[in-house]
Amino acid sequence: MKSIQWKVLATLSAIVAAAAADRALTLIWRGATGDKPPTVPEDPETTWVEAASWAALSGAVMGVARMMATRRAAAYYLKSTGELPKALRR
């Protein structure tokens, strides 16, 4: 049962983190470029620099956001159950 609880908690935290990261990405991009982020970086009309920059920035921000969310969820789980989720044990 704990395994299911952890999966639900981890999934919900990842969804919330992705939504927050997406908003942050848009703000960062607009602040840096003055334009909207590329909606389809694969579009040939999007420059290579713009597409590669967006891919690097979004990958890094989303990865960090997911890691932070999972760590917070794991801390909550540990506090609630007294042990780490099985998936995070060494």
# chains A, B, ... in the order shown; residues from 1 in each chain; ligands from 1

call {"tool": "residues_around", "arguments": {"residues": "Ala74 (chain A)", "least_positions_apart": "4", "cutoff": "8 Å", "atoms": "only C-alpha atoms", "output": "list in words"}}
result
Ala10, Thr70, Leu78, Leu84 and Pro85 of chain A

call {"tool": "write_last_selection", "arguments": {"atoms": "C-alpha atoms", "output": "mmCIF file, in the first residue's frame"}}
result
data_model
loop_
_atom_site.group_PDB
_atom_site.id
_atom_site.type_symbol
_atom_site.label_atom_id
_atom_site.label_comp_id
_atom_site.auth_asym_id
_atom_site.auth_seq_id
_atom_site.Cartn_x
_atom_site.Cartn_y
_atom_site.Cartn_z
ATOM 1 C CA ALA A 10 5.566 11.550 -6.480
ATOM 2 C CA THR A 70 10.703 14.547 -5.598
ATOM 3 C CA LEU A 78 9.677 10.080 5.448
ATOM 4 C CA LEU A 84 11.938 6.437 2.787
ATOM 5 C CA PRO A 85 9.937 5.043 -0.109
#

call {"tool": "residues_around", "arguments": {"residues": "Ala21 (chain A)", "least_positions_apart": "3", "cutoff": "12 Å", "atoms": "only C-alpha atoms", "output": "list in words"}}
result
Ser13, Ala14, Ile15, Val16, Ala17, Ala18, Ala24, Leu25, Thr26, Leu27, Ile28, Trp29, Leu57, Ser58, Gly59, Ala60, Val61, Met62, Gly63, Val64, Ala65, Arg66, Met67, Met68 and Ala69 of chain A

call {"tool": "write_last_selection", "arguments": {"atoms": "N, CA and C atoms", "output": "mmCIF file, in the first residue's frame"}}
result
data_model
loop_
_atom_site.group_PDB
_atom_site.id
_atom_site.type_symbol
_atom_site.label_atom_id
_atom_site.label_comp_id
_atom_site.auth_asym_id
_atom_site.auth_seq_id
_atom_site.Cartn_x
_atom_site.Cartn_y
_atom_site.Cartn_z
ATOM 1 N N SER A 13 3.408 15.587 -7.189
ATOM 2 C CA SER A 13 4.439 16.610 -6.991
ATOM 3 C C SER A 13 5.146 16.932 -8.303
ATOM 4 N N ALA A 14 5.357 15.942 -9.148
ATOM 5 C CA ALA A 14 5.983 16.181 -10.449
ATOM 6 C C ALA A 14 5.095 17.032 -11.354
ATOM 7 N N ILE A 15 3.793 16.805 -11.304
ATOM 8 C CA ILE A 15 2.860 17.592 -12.113
ATOM 9 C C ILE A 15 2.852 19.046 -11.663
ATOM 10 N N VAL A 16 2.794 19.260 -10.360
ATOM 11 C CA VAL A 16 2.813 20.631 -9.831
ATOM 12 C C VAL A 16 4.138 21.315 -10.172
ATOM 13 N N ALA A 17 5.241 20.586 -10.024
ATOM 14 C CA ALA A 17 6.554 21.151 -10.336
ATOM 15 C C ALA A 17 6.662 21.509 -11.816
ATOM 16 N N ALA A 18 6.134 20.674 -12.687
ATOM 17 C CA ALA A 18 6.195 20.949 -14.130
ATOM 18 C C ALA A 18 5.390 22.197 -14.483
ATOM 19 N N ALA A 24 7.714 29.584 -14.912
ATOM 20 C CA ALA A 24 9.016 30.215 -14.694
ATOM 21 C C ALA A 24 9.804 30.308 -15.992
ATOM 22 N N LEU A 25 9.756 29.257 -16.802
ATOM 23 C CA LEU A 25 10.454 29.267 -18.090
ATOM 24 C C LEU A 25 9.966 30.400 -18.986
ATOM 25 N N THR A 26 8.660 30.560 -19.042
ATOM 26 C CA THR A 26 8.095 31.629 -19.868
ATOM 27 C C THR A 26 8.573 32.990 -19.388
ATOM 28 N N LEU A 27 8.579 33.200 -18.082
ATOM 29 C CA LEU A 27 9.051 34.478 -17.535
ATOM 30 C C LEU A 27 10.538 34.702 -17.815
ATOM 31 N N ILE A 28 11.330 33.667 -17.642
ATOM 32 C CA ILE A 28 12.770 33.771 -17.905
ATOM 33 C C ILE A 28 13.011 34.089 -19.374
ATOM 34 N N TRP A 29 12.333 33.367 -20.258
ATOM 35 C CA TRP A 29 12.523 33.561 -21.702
ATOM 36 C C TRP A 29 12.118 34.973 -22.115
ATOM 37 N N LEU A 57 17.491 25.275 -21.968
ATOM 38 C CA LEU A 57 16.898 25.940 -20.815
ATOM 39 C C LEU A 57 15.740 25.132 -20.240
ATOM 40 N N SER A 58 14.839 24.685 -21.094
ATOM 41 C CA SER A 58 13.678 23.960 -20.595
ATOM 42 C C SER A 58 14.075 22.612 -20.001
ATOM 43 N N GLY A 59 15.033 21.938 -20.595
ATOM 44 C CA GLY A 59 15.497 20.667 -20.046
ATOM 45 C C GLY A 59 16.104 20.838 -18.661
ATOM 46 N N ALA A 60 16.935 21.854 -18.514
ATOM 47 C CA ALA A 60 17.582 22.095 -17.219
ATOM 48 C C ALA A 60 16.559 22.499 -16.160
ATOM 49 N N VAL A 61 15.688 23.434 -16.483
ATOM 50 C CA VAL A 61 14.705 23.908 -15.502
ATOM 51 C C VAL A 61 13.735 22.800 -15.115
ATOM 52 N N MET A 62 13.251 22.042 -16.079
ATOM 53 C CA MET A 62 12.319 20.957 -15.770
ATOM 54 C C MET A 62 13.001 19.860 -14.941
ATOM 55 N N GLY A 63 14.238 19.548 -15.266
ATOM 56 C CA GLY A 63 14.963 18.531 -14.507
ATOM 57 C C GLY A 63 15.175 18.931 -13.061
ATOM 58 N N VAL A 64 15.581 20.172 -12.844
ATOM 59 C CA VAL A 64 15.787 20.659 -11.479
ATOM 60 C C VAL A 64 14.456 20.723 -10.730
ATOM 61 N N ALA A 65 13.411 21.185 -11.381
ATOM 62 C CA ALA A 65 12.098 21.277 -10.731
ATOM 63 C C ALA A 65 11.604 19.899 -10.319
ATOM 64 N N ARG A 66 11.765 18.923 -11.172
ATOM 65 C CA ARG A 66 11.317 17.568 -10.847
ATOM 66 C C ARG A 66 12.124 16.986 -9.691
ATOM 67 N N MET A 67 13.448 17.219 -9.711
ATOM 68 C CA MET A 67 14.293 16.731 -8.629
ATOM 69 C C MET A 67 13.901 17.372 -7.300
ATOM 70 N N MET A 68 13.665 18.678 -7.310
ATOM 71 C CA MET A 68 13.279 19.378 -6.093
ATOM 72 C C MET A 68 11.929 18.866 -5.572
ATOM 73 N N ALA A 69 10.993 18.664 -6.475
ATOM 74 C CA ALA A 69 9.671 18.171 -6.079
ATOM 75 C C ALA A 69 9.763 16.770 -5.490
#

call {"tool": "select_by_dssp", "arguments": {"residues": "chain A", "states": "alpha helix (DSSP H)", "output": "mmCIF file with N, CA and C atoms, in the first residue's frame"}}
result
data_model
loop_
_atom_site.group_PDB
_atom_site.id
_atom_site.type_symbol
_atom_site.label_atom_id
_atom_site.label_comp_id
_atom_site.auth_asym_id
_atom_site.auth_seq_id
_atom_site.Cartn_x
_atom_site.Cartn_y
_atom_site.Cartn_z
ATOM 1 N N LYS A 2 1.973 1.219 0.741
ATOM 2 C CA LYS A 2 2.853 2.386 0.793
ATOM 3 C C LYS A 2 3.426 2.709 -0.580
ATOM 4 N N SER A 3 3.649 1.666 -1.362
ATOM 5 C CA SER A 3 4.191 1.873 -2.704
ATOM 6 C C SER A 3 3.237 2.706 -3.564
ATOM 7 N N ILE A 4 1.970 2.423 -3.447
ATOM 8 C CA ILE A 4 0.963 3.163 -4.209
ATOM 9 C C ILE A 4 0.893 4.605 -3.713
ATOM 10 N N GLN A 5 0.949 4.777 -2.397
ATOM 11 C CA GLN A 5 0.925 6.136 -1.836
ATOM 12 C C GLN A 5 2.104 6.948 -2.347
ATOM 13 N N TRP A 6 3.292 6.326 -2.369
ATOM 14 C CA TRP A 6 4.470 7.039 -2.855
ATOM 15 C C TRP A 6 4.321 7.400 -4.338
ATOM 16 N N LYS A 7 3.836 6.483 -5.134
ATOM 17 C CA LYS A 7 3.681 6.752 -6.568
ATOM 18 C C LYS A 7 2.712 7.910 -6.803
ATOM 19 N N VAL A 8 1.620 7.946 -6.065
ATOM 20 C CA VAL A 8 0.648 9.033 -6.199
ATOM 21 C C VAL A 8 1.280 10.347 -5.768
ATOM 22 N N LEU A 9 1.941 10.349 -4.618
ATOM 23 C CA LEU A 9 2.584 11.561 -4.107
ATOM 24 C C LEU A 9 3.663 12.064 -5.064
ATOM 25 N N ALA A 10 4.491 11.167 -5.558
ATOM 26 C CA ALA A 10 5.566 11.550 -6.480
ATOM 27 C C ALA A 10 4.996 12.086 -7.795
ATOM 28 N N THR A 11 3.954 11.462 -8.298
ATOM 29 C CA THR A 11 3.342 11.905 -9.552
ATOM 30 C C THR A 11 2.703 13.279 -9.401
ATOM 31 N N LEU A 12 1.949 13.464 -8.323
ATOM 32 C CA LEU A 12 1.318 14.766 -8.106
ATOM 33 C C LEU A 12 2.348 15.870 -7.921
ATOM 34 N N SER A 13 3.408 15.587 -7.189
ATOM 35 C CA SER A 13 4.439 16.610 -6.991
ATOM 36 C C SER A 13 5.146 16.932 -8.303
ATOM 37 N N ALA A 14 5.357 15.942 -9.148
ATOM 38 C CA ALA A 14 5.983 16.181 -10.449
ATOM 39 C C ALA A 14 5.095 17.032 -11.354
ATOM 40 N N ILE A 15 3.793 16.805 -11.304
ATOM 41 C CA ILE A 15 2.860 17.592 -12.113
ATOM 42 C C ILE A 15 2.852 19.046 -11.663
ATOM 43 N N VAL A 16 2.794 19.260 -10.360
ATOM 44 C CA VAL A 16 2.813 20.631 -9.831
ATOM 45 C C VAL A 16 4.138 21.315 -10.172
ATOM 46 N N ALA A 17 5.241 20.586 -10.024
ATOM 47 C CA ALA A 17 6.554 21.151 -10.336
ATOM 48 C C ALA A 17 6.662 21.509 -11.816
ATOM 49 N N ALA A 18 6.134 20.674 -12.687
ATOM 50 C CA ALA A 18 6.195 20.949 -14.130
ATOM 51 C C ALA A 18 5.390 22.197 -14.483
ATOM 52 N N ALA A 19 4.233 22.360 -13.863
ATOM 53 C CA ALA A 19 3.415 23.545 -14.131
ATOM 54 C C ALA A 19 4.126 24.810 -13.651
ATOM 55 N N ALA A 20 4.722 24.754 -12.464
ATOM 56 C CA ALA A 20 5.451 25.920 -11.945
ATOM 57 C C ALA A 20 6.682 26.210 -12.794
ATOM 58 N N ALA A 21 7.386 25.165 -13.208
ATOM 59 C CA ALA A 21 8.573 25.350 -14.039
ATOM 60 C C ALA A 21 8.206 25.939 -15.395
ATOM 61 N N ASP A 22 7.083 25.522 -15.952
ATOM 62 C CA ASP A 22 6.647 26.056 -17.240
ATOM 63 C C ASP A 22 6.387 27.556 -17.146
ATOM 64 N N ARG A 23 5.744 27.978 -16.073
ATOM 65 C CA ARG A 23 5.500 29.412 -15.877
ATOM 66 C C ARG A 23 6.811 30.164 -15.699
ATOM 67 N N ALA A 24 7.714 29.584 -14.912
ATOM 68 C CA ALA A 24 9.016 30.215 -14.694
ATOM 69 C C ALA A 24 9.804 30.308 -15.992
ATOM 70 N N LEU A 25 9.756 29.257 -16.802
ATOM 71 C CA LEU A 25 10.454 29.267 -18.090
ATOM 72 C C LEU A 25 9.966 30.400 -18.986
ATOM 73 N N THR A 26 8.660 30.560 -19.042
ATOM 74 C CA THR A 26 8.095 31.629 -19.868
ATOM 75 C C THR A 26 8.573 32.990 -19.388
ATOM 76 N N LEU A 27 8.579 33.200 -18.082
ATOM 77 C CA LEU A 27 9.051 34.478 -17.535
ATOM 78 C C LEU A 27 10.538 34.702 -17.815
ATOM 79 N N ILE A 28 11.330 33.667 -17.642
ATOM 80 C CA ILE A 28 12.770 33.771 -17.905
ATOM 81 C C ILE A 28 13.011 34.089 -19.374
ATOM 82 N N TRP A 29 12.333 33.367 -20.258
ATOM 83 C CA TRP A 29 12.523 33.561 -21.702
ATOM 84 C C TRP A 29 12.118 34.973 -22.115
ATOM 85 N N ARG A 30 10.953 35.407 -21.655
ATOM 86 C CA ARG A 30 10.501 36.756 -22.002
ATOM 87 C C ARG A 30 11.437 37.817 -21.450
ATOM 88 N N GLY A 31 11.944 37.617 -20.244
ATOM 89 C CA GLY A 31 12.879 38.563 -19.654
ATOM 90 C C GLY A 31 14.181 38.637 -20.420
ATOM 91 N N ALA A 32 14.642 37.494 -20.932
ATOM 92 C CA ALA A 32 15.919 37.446 -21.647
ATOM 93 C C ALA A 32 15.811 37.891 -23.098
ATOM 94 N N THR A 33 14.675 37.567 -23.740
ATOM 95 C CA THR A 33 14.574 37.842 -25.178
ATOM 96 C C THR A 33 13.555 38.914 -25.535
ATOM 97 N N TRP A 48 17.953 28.034 -35.316
ATOM 98 C CA TRP A 48 18.651 26.980 -34.595
ATOM 99 C C TRP A 48 19.070 27.453 -33.212
ATOM 100 N N VAL A 49 19.540 28.664 -33.125
ATOM 101 C CA VAL A 49 19.980 29.199 -31.832
ATOM 102 C C VAL A 49 18.807 29.267 -30.867
ATOM 103 N N GLU A 50 17.682 29.763 -31.345
ATOM 104 C CA GLU A 50 16.498 29.873 -30.501
ATOM 105 C C GLU A 50 16.015 28.482 -30.067
ATOM 106 N N ALA A 51 15.963 27.544 -30.995
ATOM 107 C CA ALA A 51 15.489 26.193 -30.691
ATOM 108 C C ALA A 51 16.426 25.490 -29.708
ATOM 109 N N ALA A 52 17.726 25.580 -29.935
ATOM 110 C CA ALA A 52 18.696 24.925 -29.053
ATOM 111 C C ALA A 52 18.710 25.581 -27.677
ATOM 112 N N SER A 53 18.595 26.891 -27.639
ATOM 113 C CA SER A 53 18.574 27.600 -26.363
ATOM 114 C C SER A 53 17.340 27.197 -25.554
ATOM 115 N N TRP A 54 16.202 27.141 -26.226
ATOM 116 C CA TRP A 54 14.962 26.752 -25.542
ATOM 117 C C TRP A 54 15.066 25.315 -25.039
ATOM 118 N N ALA A 55 15.609 24.420 -25.842
ATOM 119 C CA ALA A 55 15.735 23.019 -25.429
ATOM 120 C C ALA A 55 16.645 22.892 -24.208
ATOM 121 N N ALA A 56 17.766 23.584 -24.226
ATOM 122 C CA ALA A 56 18.702 23.507 -23.102
ATOM 123 C C ALA A 56 18.091 24.109 -21.837
ATOM 124 N N LEU A 57 17.491 25.275 -21.968
ATOM 125 C CA LEU A 57 16.898 25.940 -20.815
ATOM 126 C C LEU A 57 15.740 25.132 -20.240
ATOM 127 N N SER A 58 14.839 24.685 -21.094
ATOM 128 C CA SER A 58 13.678 23.960 -20.595
ATOM 129 C C SER A 58 14.075 22.612 -20.001
ATOM 130 N N GLY A 59 15.033 21.938 -20.595
ATOM 131 C CA GLY A 59 15.497 20.667 -20.046
ATOM 132 C C GLY A 59 16.104 20.838 -18.661
ATOM 133 N N ALA A 60 16.935 21.854 -18.514
ATOM 134 C CA ALA A 60 17.582 22.095 -17.219
ATOM 135 C C ALA A 60 16.559 22.499 -16.160
ATOM 136 N N VAL A 61 15.688 23.434 -16.483
ATOM 137 C CA VAL A 61 14.705 23.908 -15.502
ATOM 138 C C VAL A 61 13.735 22.800 -15.115
ATOM 139 N N MET A 62 13.251 22.042 -16.079
ATOM 140 C CA MET A 62 12.319 20.957 -15.770
ATOM 141 C C MET A 62 13.001 19.860 -14.941
ATOM 142 N N GLY A 63 14.238 19.548 -15.266
ATOM 143 C CA GLY A 63 14.963 18.531 -14.507
ATOM 144 C C GLY A 63 15.175 18.931 -13.061
ATOM 145 N N VAL A 64 15.581 20.172 -12.844
ATOM 146 C CA VAL A 64 15.787 20.659 -11.479
ATOM 147 C C VAL A 64 14.456 20.723 -10.730
ATOM 148 N N ALA A 65 13.411 21.185 -11.381
ATOM 149 C CA ALA A 65 12.098 21.277 -10.731
ATOM 150 C C ALA A 65 11.604 19.899 -10.319
ATOM 151 N N ARG A 66 11.765 18.923 -11.172
ATOM 152 C CA ARG A 66 11.317 17.568 -10.847
ATOM 153 C C ARG A 66 12.124 16.986 -9.691
ATOM 154 N N MET A 67 13.448 17.219 -9.711
ATOM 155 C CA MET A 67 14.293 16.731 -8.629
ATOM 156 C C MET A 67 13.901 17.372 -7.300
ATOM 157 N N MET A 68 13.665 18.678 -7.310
ATOM 158 C CA MET A 68 13.279 19.378 -6.093
ATOM 159 C C MET A 68 11.929 18.866 -5.572
ATOM 160 N N ALA A 69 10.993 18.664 -6.475
ATOM 161 C CA ALA A 69 9.671 18.171 -6.079
ATOM 162 C C ALA A 69 9.763 16.770 -5.490
ATOM 163 N N THR A 70 10.561 15.909 -6.093
ATOM 164 C CA THR A 70 10.703 14.547 -5.598
ATOM 165 C C THR A 70 11.377 14.537 -4.229
ATOM 166 N N ARG A 71 12.370 15.395 -4.043
ATOM 167 C CA ARG A 71 13.031 15.480 -2.735
ATOM 168 C C ARG A 71 12.058 15.950 -1.655
ATOM 169 N N ARG A 72 11.252 16.950 -1.976
ATOM 170 C CA ARG A 72 10.269 17.454 -0.998
ATOM 171 C C ARG A 72 9.221 16.379 -0.696
ATOM 172 N N ALA A 73 8.784 15.679 -1.736
ATOM 173 C CA ALA A 73 7.810 14.604 -1.532
ATOM 174 C C ALA A 73 8.417 13.487 -0.680
ATOM 175 N N ALA A 74 9.684 13.160 -0.925
ATOM 176 C CA ALA A 74 10.353 12.117 -0.145
ATOM 177 C C ALA A 74 10.500 12.543 1.316
ATOM 178 N N ALA A 75 10.808 13.812 1.554
ATOM 179 C CA ALA A 75 10.915 14.307 2.927
ATOM 180 C C ALA A 75 9.561 14.223 3.630
ATOM 181 N N TYR A 76 8.511 14.583 2.942
ATOM 182 C CA TYR A 76 7.158 14.480 3.510
ATOM 183 C C TYR A 76 6.808 13.022 3.801
ATOM 184 N N TYR A 77 7.098 12.155 2.855
ATOM 185 C CA TYR A 77 6.815 10.734 3.021
ATOM 186 C C TYR A 77 7.577 10.174 4.217
ATOM 187 N N LEU A 78 8.855 10.536 4.335
ATOM 188 C CA LEU A 78 9.677 10.080 5.448
ATOM 189 C C LEU A 78 9.106 10.552 6.783
ATOM 190 N N LYS A 79 8.716 11.815 6.825
ATOM 191 C CA LYS A 79 8.135 12.367 8.050
ATOM 192 C C LYS A 79 6.813 11.672 8.395
ATOM 193 N N SER A 80 6.027 11.346 7.384
ATOM 194 C CA SER A 80 4.712 10.732 7.598
ATOM 195 C C SER A 80 4.782 9.255 7.966
ATOM 196 N N THR A 81 5.709 8.531 7.351
ATOM 197 C CA THR A 81 5.751 7.077 7.537
ATOM 198 C C THR A 81 6.925 6.594 8.380
#
